[in-house]
$ cat my_file31.txt   # compact mmCIF, C-alpha atoms and all ligand atoms
# COMPACT_ATOMS: atom_id res chain seq x y z
CA MET A 22 0.00 0.00 0.00
CA SER A 23 1.20 3.50 -0.69
CA THR A 24 -1.58 5.46 1.02
CA LEU A 25 0.94 7.93 2.47
CA LYS A 26 3.01 8.57 -0.64
CA GLY A 27 4.45 12.09 -0.67
CA LYS A 28 3.67 12.76 3.00
CA ILE A 29 6.24 13.80 5.60
CA ALA A 30 5.80 12.29 9.06
CA VAL A 31 7.41 12.94 12.45
CA VAL A 32 7.25 10.23 15.12
CA THR A 33 8.39 11.23 18.61
CA GLY A 34 9.93 8.40 20.62
CA GLY A 35 10.39 6.48 17.38
CA ASN A 36 13.41 4.43 18.40
CA SER A 37 11.49 1.83 20.42
CA GLY A 38 8.21 -0.04 20.85
CA ILE A 39 5.06 1.48 19.34
CA GLY A 40 6.93 4.46 17.85
CA TYR A 41 9.44 2.20 16.07
CA ALA A 42 6.72 -0.08 14.65
CA THR A 43 4.74 2.95 13.49
CA ALA A 44 7.76 4.58 11.86
CA LYS A 45 8.28 1.30 9.98
CA LYS A 46 4.62 1.09 8.91
CA LEU A 47 4.42 4.75 7.80
CA THR A 48 7.59 4.22 5.75
CA GLU A 49 6.15 1.06 4.17
CA ASP A 50 3.01 3.05 3.31
CA GLY A 51 5.11 5.59 1.40
CA ALA A 52 5.74 8.42 3.88
CA THR A 53 9.11 10.07 4.50
CA VAL A 54 9.60 9.53 8.22
CA ILE A 55 11.67 11.32 10.85
CA ILE A 56 12.00 9.72 14.29
CA THR A 57 13.08 11.32 17.54
CA GLY A 58 14.17 10.06 20.93
CA ARG A 59 16.32 10.95 23.90
CA SER A 60 19.37 8.75 23.40
CA ALA A 61 21.63 9.61 20.43
CA GLU A 62 22.87 6.03 20.20
CA ARG A 63 19.39 4.44 20.18
CA VAL A 64 17.95 7.02 17.78
CA GLN A 65 20.82 6.51 15.33
CA LYS A 66 20.57 2.71 15.55
CA ALA A 67 16.81 2.72 14.87
CA ALA A 68 17.10 5.32 12.11
CA SER A 69 19.77 3.33 10.28
CA GLU A 70 17.79 0.06 10.65
CA LEU A 71 14.75 1.74 9.10
CA ASN A 72 16.81 3.79 6.66
CA ILE A 73 15.15 7.03 7.77
CA THR A 74 16.21 10.24 9.56
CA GLY A 75 16.73 10.32 13.33
CA ILE A 76 16.93 13.49 15.42
CA VAL A 77 17.69 13.61 19.15
CA ALA A 78 15.16 15.72 21.07
CA ASP A 79 14.00 15.40 24.67
CA VAL A 80 10.33 16.43 24.76
CA SER A 81 10.62 17.53 28.39
CA ASP A 82 12.94 20.34 27.21
CA LEU A 83 11.00 22.96 25.25
CA SER A 84 14.14 24.39 23.64
CA ALA A 85 14.95 20.89 22.33
CA ILE A 86 11.50 20.79 20.67
CA ASP A 87 12.24 24.21 19.11
CA ASN A 88 15.51 22.82 17.71
CA LEU A 89 13.72 19.75 16.40
CA VAL A 90 11.10 21.83 14.58
CA GLU A 91 13.86 24.03 13.12
CA GLN A 92 15.83 21.02 11.86
CA VAL A 93 12.74 19.36 10.36
CA LYS A 94 11.74 22.64 8.68
CA ASN A 95 15.21 23.15 7.21
CA GLN A 96 15.62 19.57 5.96
CA PHE A 97 12.06 18.65 4.95
CA GLY A 98 9.86 21.80 4.95
CA ASN A 99 6.30 21.44 6.22
CA ILE A 100 4.96 18.12 7.52
CA ASP A 101 1.71 16.18 7.09
CA ILE A 102 1.71 13.65 9.95
CA LEU A 103 2.69 14.17 13.59
CA PHE A 104 2.64 11.10 15.81
CA VAL A 105 3.01 12.32 19.41
CA ASN A 106 4.12 9.06 20.95
CA ALA A 107 7.03 9.69 23.37
CA GLY A 108 6.05 8.69 26.88
CA ILE A 109 7.06 7.02 30.13
CA PHE A 110 5.29 4.83 32.68
CA SER A 111 6.24 5.19 36.38
CA PRO A 112 3.83 3.29 38.62
CA ALA A 113 3.49 4.22 42.32
CA PRO A 114 0.73 3.79 44.90
CA ILE A 115 -1.28 6.73 46.22
CA GLY A 116 0.51 7.98 49.31
CA GLN A 117 3.90 7.35 47.74
CA ILE A 118 3.74 9.75 44.84
CA SER A 119 6.91 11.84 44.80
CA GLU A 120 7.17 15.28 43.27
CA GLU A 121 9.92 14.01 40.95
CA MET A 122 7.79 11.15 39.65
CA PHE A 123 4.84 13.53 39.17
CA ASP A 124 6.95 16.10 37.30
CA ASN A 125 8.64 13.49 35.10
CA GLN A 126 5.44 11.84 33.97
CA MET A 127 3.41 15.02 33.54
CA GLY A 128 6.46 16.72 31.98
CA ILE A 129 6.90 14.08 29.28
CA ASN A 130 3.43 12.56 28.77
CA PHE A 131 1.37 15.77 29.01
CA LYS A 132 3.50 18.93 28.86
CA GLY A 133 5.92 17.34 26.36
CA ALA A 134 3.05 16.14 24.17
CA VAL A 135 1.22 19.48 24.29
CA PHE A 136 4.32 21.49 23.37
CA THR A 137 5.23 19.05 20.62
CA VAL A 138 1.88 19.86 19.01
CA GLU A 139 2.09 23.58 19.82
CA LYS A 140 5.55 24.00 18.32
CA PHE A 141 4.86 21.94 15.18
CA ILE A 142 1.67 23.88 14.34
CA PRO A 143 3.50 26.55 12.27
CA ILE A 144 5.04 23.87 10.03
CA LEU A 145 1.96 21.63 9.67
CA ASN A 146 0.41 21.60 6.25
CA ASP A 147 -3.34 22.27 6.06
CA GLU A 148 -5.12 18.85 6.19
CA ALA A 149 -2.32 17.42 8.34
CA SER A 150 -3.08 14.61 10.79
CA ILE A 151 -1.93 14.61 14.41
CA ILE A 152 -2.22 11.43 16.45
CA ASN A 153 -1.69 11.60 20.22
CA LEU A 154 -0.72 8.32 21.87
CA SER A 155 -2.73 8.11 25.07
CA SER A 156 -3.82 5.00 27.01
CA ILE A 157 -6.95 3.25 28.27
CA ASN A 158 -5.40 4.01 31.69
CA ALA A 159 -6.97 7.44 31.25
CA TYR A 160 -10.23 5.69 32.19
CA THR A 161 -9.49 2.41 33.96
CA GLY A 162 -8.57 3.32 37.58
CA MET A 163 -5.84 0.66 37.57
CA PRO A 164 -3.89 0.66 40.87
CA ASN A 165 -0.53 2.49 40.94
CA THR A 166 -1.21 4.46 37.77
CA ALA A 167 -2.80 7.65 39.18
CA ILE A 168 -0.35 10.14 37.68
CA TYR A 169 0.27 8.19 34.46
CA ALA A 170 -3.50 7.97 34.00
CA ALA A 171 -3.96 11.67 34.76
CA SER A 172 -1.26 12.60 32.24
CA LYS A 173 -3.09 10.64 29.53
CA ALA A 174 -6.57 11.91 30.53
CA ALA A 175 -5.23 15.45 30.30
CA LEU A 176 -3.83 14.69 26.84
CA ASN A 177 -7.21 13.37 25.67
CA SER A 178 -8.88 16.53 26.92
CA TYR A 179 -6.34 18.72 25.08
CA THR A 180 -6.96 16.62 21.95
CA ARG A 181 -10.71 17.36 21.96
CA THR A 182 -10.27 21.13 22.28
CA ALA A 183 -7.47 21.16 19.71
CA ALA A 184 -9.72 19.31 17.25
CA THR A 185 -12.28 22.12 17.21
CA GLU A 186 -9.64 24.84 17.03
CA LEU A 187 -7.59 23.22 14.26
CA ALA A 188 -10.61 22.24 12.15
CA PRO A 189 -10.68 25.52 10.15
CA ARG A 190 -7.30 24.48 8.69
CA LYS A 191 -8.68 20.94 8.14
CA ILE A 192 -5.99 19.67 10.50
CA ARG A 193 -7.28 16.52 12.19
CA ILE A 194 -6.21 15.46 15.68
CA ASN A 195 -7.16 12.20 17.34
CA ALA A 196 -6.13 10.16 20.36
CA VAL A 197 -5.30 6.46 20.39
CA ASN A 198 -5.82 4.61 23.69
CA PRO A 199 -3.93 1.30 23.68
CA GLY A 200 -4.37 -1.36 26.30
CA PRO A 201 -1.29 -3.36 27.33
CA VAL A 202 1.22 -3.65 24.49
CA GLU A 203 4.42 -5.72 24.48
CA THR A 204 7.14 -3.06 24.53
CA PRO A 205 10.19 -2.23 26.68
CA ILE A 206 8.12 0.36 28.63
CA PHE A 207 7.50 -2.10 31.48
CA GLU A 208 11.19 -3.09 31.95
CA LYS A 209 12.03 0.61 32.13
CA THR A 210 10.05 0.90 35.39
CA GLY A 211 12.95 -0.92 37.10
CA MET A 212 10.63 -3.68 38.44
CA PRO A 213 12.48 -6.97 39.08
CA GLU A 214 11.98 -9.66 36.40
CA ASP A 215 9.86 -12.07 38.48
CA GLN A 216 7.57 -9.21 39.57
CA LEU A 217 7.29 -8.07 35.94
CA LYS A 218 6.28 -11.61 34.85
CA GLU A 219 3.63 -11.79 37.57
CA PHE A 220 2.35 -8.33 36.61
CA ALA A 221 2.20 -9.32 32.90
CA GLN A 222 0.30 -12.53 33.66
CA ALA A 223 -2.20 -10.71 35.90
CA ILE A 224 -2.81 -8.16 33.13
CA LYS A 225 -3.12 -10.87 30.46
CA ASN A 226 -5.81 -12.61 32.52
CA ARG A 227 -7.92 -9.44 32.27
CA ILE A 228 -7.67 -9.07 28.47
CA PRO A 229 -10.72 -10.64 26.81
CA LEU A 230 -8.78 -11.43 23.62
CA GLY A 231 -6.19 -13.21 25.78
CA ARG A 232 -3.00 -11.52 24.64
CA PHE A 233 -1.00 -8.33 24.90
CA GLY A 234 -1.17 -6.03 21.90
CA LYS A 235 1.74 -5.95 19.48
CA PRO A 236 3.32 -2.61 18.55
CA GLU A 237 2.25 -3.39 14.96
CA ASP A 238 -1.44 -3.49 16.04
CA ILE A 239 -1.16 0.13 17.16
CA ALA A 240 0.92 1.09 14.13
CA ASN A 241 -1.87 -0.06 11.79
CA LEU A 242 -4.44 2.15 13.52
CA VAL A 243 -2.11 5.15 13.56
CA ALA A 244 -1.34 4.69 9.85
CA PHE A 245 -5.07 4.65 9.11
CA LEU A 246 -5.73 7.83 11.12
CA ALA A 247 -2.73 9.45 9.40
CA SER A 248 -4.08 8.73 5.93
CA ASP A 249 -6.60 10.61 3.82
CA ILE A 250 -8.94 7.60 4.16
CA ALA A 251 -9.65 8.98 7.66
CA SER A 252 -10.35 12.50 6.37
CA PHE A 253 -13.70 12.83 8.25
CA ILE A 254 -12.24 11.71 11.61
CA THR A 255 -11.16 14.31 14.13
CA GLY A 256 -11.52 14.80 17.89
CA GLY A 257 -11.93 11.04 18.28
CA GLU A 258 -10.47 8.57 20.74
CA TYR A 259 -9.86 4.98 19.75
CA ASN A 260 -9.47 2.19 22.27
CA ILE A 261 -7.25 -0.59 20.92
CA ASP A 262 -7.01 -3.01 23.81
CA GLY A 263 -8.27 -6.51 23.04
CA GLY A 264 -11.44 -5.58 24.95
CA THR A 265 -9.69 -4.64 28.21
CA ASN A 266 -11.75 -1.50 28.72
CA ILE A 267 -14.92 -3.60 28.82
CA ASN A 268 -13.42 -4.84 32.09
CA PRO A 269 -15.46 -7.99 32.54
CA LEU A 270 -16.02 -9.18 36.09
CA LEU A 271 -16.28 -12.72 34.75
CA SER A 272 -14.66 -14.02 31.60
P1 LIG A 301 8.92 2.39 24.81
O1 LIG A 301 9.59 2.62 26.11
O2 LIG A 301 9.31 1.23 23.98
O3 LIG A 301 9.02 3.70 23.92
C1 LIG A 301 8.92 4.99 24.45
C2 LIG A 301 9.60 5.94 23.51
O4 LIG A 301 9.47 7.28 24.05
C3 LIG A 301 11.10 5.67 23.39
O5 LIG A 301 11.48 5.84 22.06
C4 LIG A 301 11.73 6.74 24.26
O6 LIG A 301 13.01 7.12 23.79
C5 LIG A 301 10.75 7.88 24.06
N1 LIG A 301 10.84 8.87 25.14
C6 LIG A 301 10.63 8.71 26.46
N2 LIG A 301 10.84 9.88 27.09
C7 LIG A 301 11.20 10.77 26.14
C8 LIG A 301 11.56 12.14 26.16
N3 LIG A 301 11.61 12.84 27.30
N4 LIG A 301 11.85 12.75 24.99
C9 LIG A 301 11.81 12.08 23.83
N5 LIG A 301 11.49 10.76 23.74
C10 LIG A 301 11.20 10.14 24.89
O7 LIG A 301 7.38 2.31 25.17
P2 LIG A 301 6.04 2.21 24.31
O8 LIG A 301 5.18 1.25 25.04
O9 LIG A 301 6.31 2.03 22.87
O10 LIG A 301 5.43 3.66 24.58
C11 LIG A 301 5.02 4.57 23.58
C12 LIG A 301 3.79 5.31 24.03
O11 LIG A 301 2.73 4.38 24.20
C13 LIG A 301 3.91 6.03 25.38
O12 LIG A 301 3.31 7.30 25.28
C14 LIG A 301 3.12 5.14 26.32
O13 LIG A 301 2.59 5.85 27.41
C15 LIG A 301 2.04 4.64 25.40
N6 LIG A 301 1.34 3.40 25.81
C16 LIG A 301 2.02 2.24 25.96
C17 LIG A 301 1.32 1.10 26.35
C18 LIG A 301 2.02 -0.22 26.54
O14 LIG A 301 1.40 -1.13 27.13
N7 LIG A 301 3.23 -0.41 26.09
C19 LIG A 301 -0.05 1.18 26.58
C20 LIG A 301 -0.70 2.39 26.43
C21 LIG A 301 0.00 3.50 26.03
$ encode --input "my_file31.txt" --output "structure tokens"
Amino acid sequence: MSTLKGKIAVVTGGNSGIGYATAKKLTEDGATVIITGRSAERVQKAASELNITGIVADVSDLSAIDNLVEQVKNQFGNIDILFVNAGIFSPAPIGQISEEMFDNQMGINFKGAVFTVEKFIPILNDEASIINLSSINAYTGMPNTAIYAASKAALNSYTRTAATELAPRKIRINAVNPGPVETPIFEKTGMPEDQLKEFAQAIKNRIPLGRFGKPEDIANLVAFLASDIASFITGGEYNIDGGTNINPLLS
């Protein structure tokens, strides 16, 4: 398929997990893709594997986003697709939420996402598509995820308002809410391996379709929302979670 032929796409956090799979899919569909990430080594490795451009930019640093936009503008001009994907997951129970953990998660998942959109607006083509990677955690009340969930709920709220304000330029903006997806995000919490395995099994037991999502599952939805086939879709939120949000008491 070449549904994205001629389009320029930026994927934040594109060196790993969902971002990497989406960068691959958008490239396969014909787009010219630029990925970003925090670590120069990992960004370069992923970019060379995918044969695309990689730019280092930490979304928690607004001046780094300014530099990113400047570099993209100079090398590629205006863009058509912005996949706001960079994010972190730091679980902690209520009563043990530190200021640092709050600031990190809100700073990357919400503030970083908002200012990625804000700063790319001047170089978005009319009819561009923005996809914000949120989570079903925005709604589920899962233990230990209060701040992560709040960061994603805030992002979904921003997405709705942005959809009405960007509509005059025919720029579409949607949120994607994945359920559990097999990516390195869980290892990065620092949880010991046996605890991680137990956690993964407990989650799996609650997924009606009986498996974790694959990064490619999310990539397919993002590629659809990015394409002109989705030209009447804006301000939407799409759960992609194997039925997790149905949250059955019995299965
Ligand atoms: P991942 O850890 O594999 O990828 C996260 C990416 O974000 C990496 O490329 C990382 O470099 C980048 N990143 C993190 N902080 C950054 C920063 N400050 N600046 C720039 N880049 C930064 O994890 P993933 O699961 O692919 O996560 C991608 C997105 O999906 C996140 O927003 C996450 O919240 C969301 N999500 C994941 C799941 C899941 O189960 N894996 C479920 C729902 C939502």
$ atom_distance --input "my_file31.txt" --atom1 "CA of Lys209 (chain A)" --atom2 "CA of Thr48 (chain A)"
27.0 Å
$ closest_residue --input "my_file31.txt" --among "A:Thr43, A:Asn153, A:Asn268, A:Asn226" --to "Asn106 (chain A)" --atoms "only C-alpha atoms"
A:Asn153
$ atom_distance --input "my_file31.txt" --atom1 "CA of Pro236 (chain A)" --atom2 "CA of Phe136 (chain A)"
24.6 Å
$ atom_distance --input "my_file31.txt" --atom1 "CA of Val138 (chain A)" --atom2 "CA of Asp82 (chain A)"
13.8 Å
$ residues_near_ligand --input "my_file31.txt" --ligand "ligand LIG 301 (chain A)" --cutoff "8 Å" --atoms "only C-alpha atoms and all ligand atoms" --output "ChimeraX atom specification"
/A:33-41,57-60,63-64,77-82,105-110,128-130,133,154-158,169,173,198-207,209,233-234,236
$ closest_residue --input "my_file31.txt" --among "A:Ala196, A:Leu103, A:Ala247, A:Ile142" --to "Ala159 (chain A)" --atoms "all atoms listed in the file"
A:Ala196
$ decode --input "my_file31.txt" --residues "region 239-253 of chain A" --atoms "N, CA, C and O atoms" --output "PDB file, in the first residue's frame"
ATOM      1  N   ILE A 239      -0.946  -1.320  16.964  1.00  0.00           N
ATOM      2  CA  ILE A 239      -1.164   0.127  17.163  1.00  0.00           C
ATOM      3  C   ILE A 239      -0.715   0.882  15.907  1.00  0.00           C
ATOM      4  O   ILE A 239      -1.386   1.821  15.452  1.00  0.00           O
ATOM      5  N   ALA A 240       0.393   0.435  15.328  1.00  0.00           N
ATOM      6  CA  ALA A 240       0.922   1.092  14.127  1.00  0.00           C
ATOM      7  C   ALA A 240      -0.120   1.108  13.001  1.00  0.00           C
ATOM      8  O   ALA A 240      -0.277   2.110  12.291  1.00  0.00           O
ATOM      9  N   ASN A 241      -0.861   0.013  12.856  1.00  0.00           N
ATOM     10  CA  ASN A 241      -1.872  -0.063  11.790  1.00  0.00           C
ATOM     11  C   ASN A 241      -2.973   0.973  11.989  1.00  0.00           C
ATOM     12  O   ASN A 241      -3.428   1.610  11.031  1.00  0.00           O
ATOM     13  N   LEU A 242      -3.399   1.154  13.245  1.00  0.00           N
ATOM     14  CA  LEU A 242      -4.445   2.152  13.519  1.00  0.00           C
ATOM     15  C   LEU A 242      -3.918   3.570  13.286  1.00  0.00           C
ATOM     16  O   LEU A 242      -4.603   4.417  12.700  1.00  0.00           O
ATOM     17  N   VAL A 243      -2.691   3.809  13.733  1.00  0.00           N
ATOM     18  CA  VAL A 243      -2.113   5.146  13.556  1.00  0.00           C
ATOM     19  C   VAL A 243      -1.960   5.458  12.056  1.00  0.00           C
ATOM     20  O   VAL A 243      -2.282   6.562  11.605  1.00  0.00           O
ATOM     21  N   ALA A 244      -1.521   4.469  11.290  1.00  0.00           N
ATOM     22  CA  ALA A 244      -1.336   4.689   9.847  1.00  0.00           C
ATOM     23  C   ALA A 244      -2.678   5.002   9.181  1.00  0.00           C
ATOM     24  O   ALA A 244      -2.759   5.855   8.285  1.00  0.00           O
ATOM     25  N   PHE A 245      -3.734   4.348   9.648  1.00  0.00           N
ATOM     26  CA  PHE A 245      -5.072   4.645   9.115  1.00  0.00           C
ATOM     27  C   PHE A 245      -5.469   6.086   9.439  1.00  0.00           C
ATOM     28  O   PHE A 245      -5.873   6.849   8.555  1.00  0.00           O
ATOM     29  N   LEU A 246      -5.329   6.473  10.714  1.00  0.00           N
ATOM     30  CA  LEU A 246      -5.726   7.833  11.118  1.00  0.00           C
ATOM     31  C   LEU A 246      -4.873   8.894  10.416  1.00  0.00           C
ATOM     32  O   LEU A 246      -5.324  10.016  10.191  1.00  0.00           O
ATOM     33  N   ALA A 247      -3.636   8.520  10.075  1.00  0.00           N
ATOM     34  CA  ALA A 247      -2.734   9.455   9.400  1.00  0.00           C
ATOM     35  C   ALA A 247      -3.113   9.662   7.938  1.00  0.00           C
ATOM     36  O   ALA A 247      -2.761  10.672   7.331  1.00  0.00           O
ATOM     37  N   SER A 248      -3.835   8.705   7.383  1.00  0.00           N
ATOM     38  CA  SER A 248      -4.077   8.726   5.934  1.00  0.00           C
ATOM     39  C   SER A 248      -5.325   9.529   5.570  1.00  0.00           C
ATOM     40  O   SER A 248      -6.180   9.802   6.419  1.00  0.00           O
ATOM     41  N   ASP A 249      -5.438   9.849   4.288  1.00  0.00           N
ATOM     42  CA  ASP A 249      -6.604  10.606   3.818  1.00  0.00           C
ATOM     43  C   ASP A 249      -7.886   9.775   3.879  1.00  0.00           C
ATOM     44  O   ASP A 249      -8.989  10.313   3.794  1.00  0.00           O
ATOM     45  N   ILE A 250      -7.744   8.461   4.029  1.00  0.00           N
ATOM     46  CA  ILE A 250      -8.941   7.598   4.163  1.00  0.00           C
ATOM     47  C   ILE A 250      -9.717   8.007   5.412  1.00  0.00           C
ATOM     48  O   ILE A 250     -10.931   7.846   5.481  1.00  0.00           O
ATOM     49  N   ALA A 251      -9.018   8.573   6.387  1.00  0.00           N
ATOM     50  CA  ALA A 251      -9.648   8.976   7.659  1.00  0.00           C
ATOM     51  C   ALA A 251     -10.007  10.470   7.655  1.00  0.00           C
ATOM     52  O   ALA A 251     -10.105  11.092   8.717  1.00  0.00           O
ATOM     53  N   SER A 252     -10.239  11.033   6.471  1.00  0.00           N
ATOM     54  CA  SER A 252     -10.354  12.495   6.369  1.00  0.00           C
ATOM     55  C   SER A 252     -11.571  13.101   7.072  1.00  0.00           C
ATOM     56  O   SER A 252     -11.663  14.319   7.218  1.00  0.00           O
ATOM     57  N   PHE A 253     -12.530  12.270   7.522  1.00  0.00           N
ATOM     58  CA  PHE A 253     -13.699  12.825   8.247  1.00  0.00           C
ATOM     59  C   PHE A 253     -13.588  12.544   9.748  1.00  0.00           C
ATOM     60  O   PHE A 253     -14.542  12.728  10.495  1.00  0.00           O
TER      61      PHE A 253
END
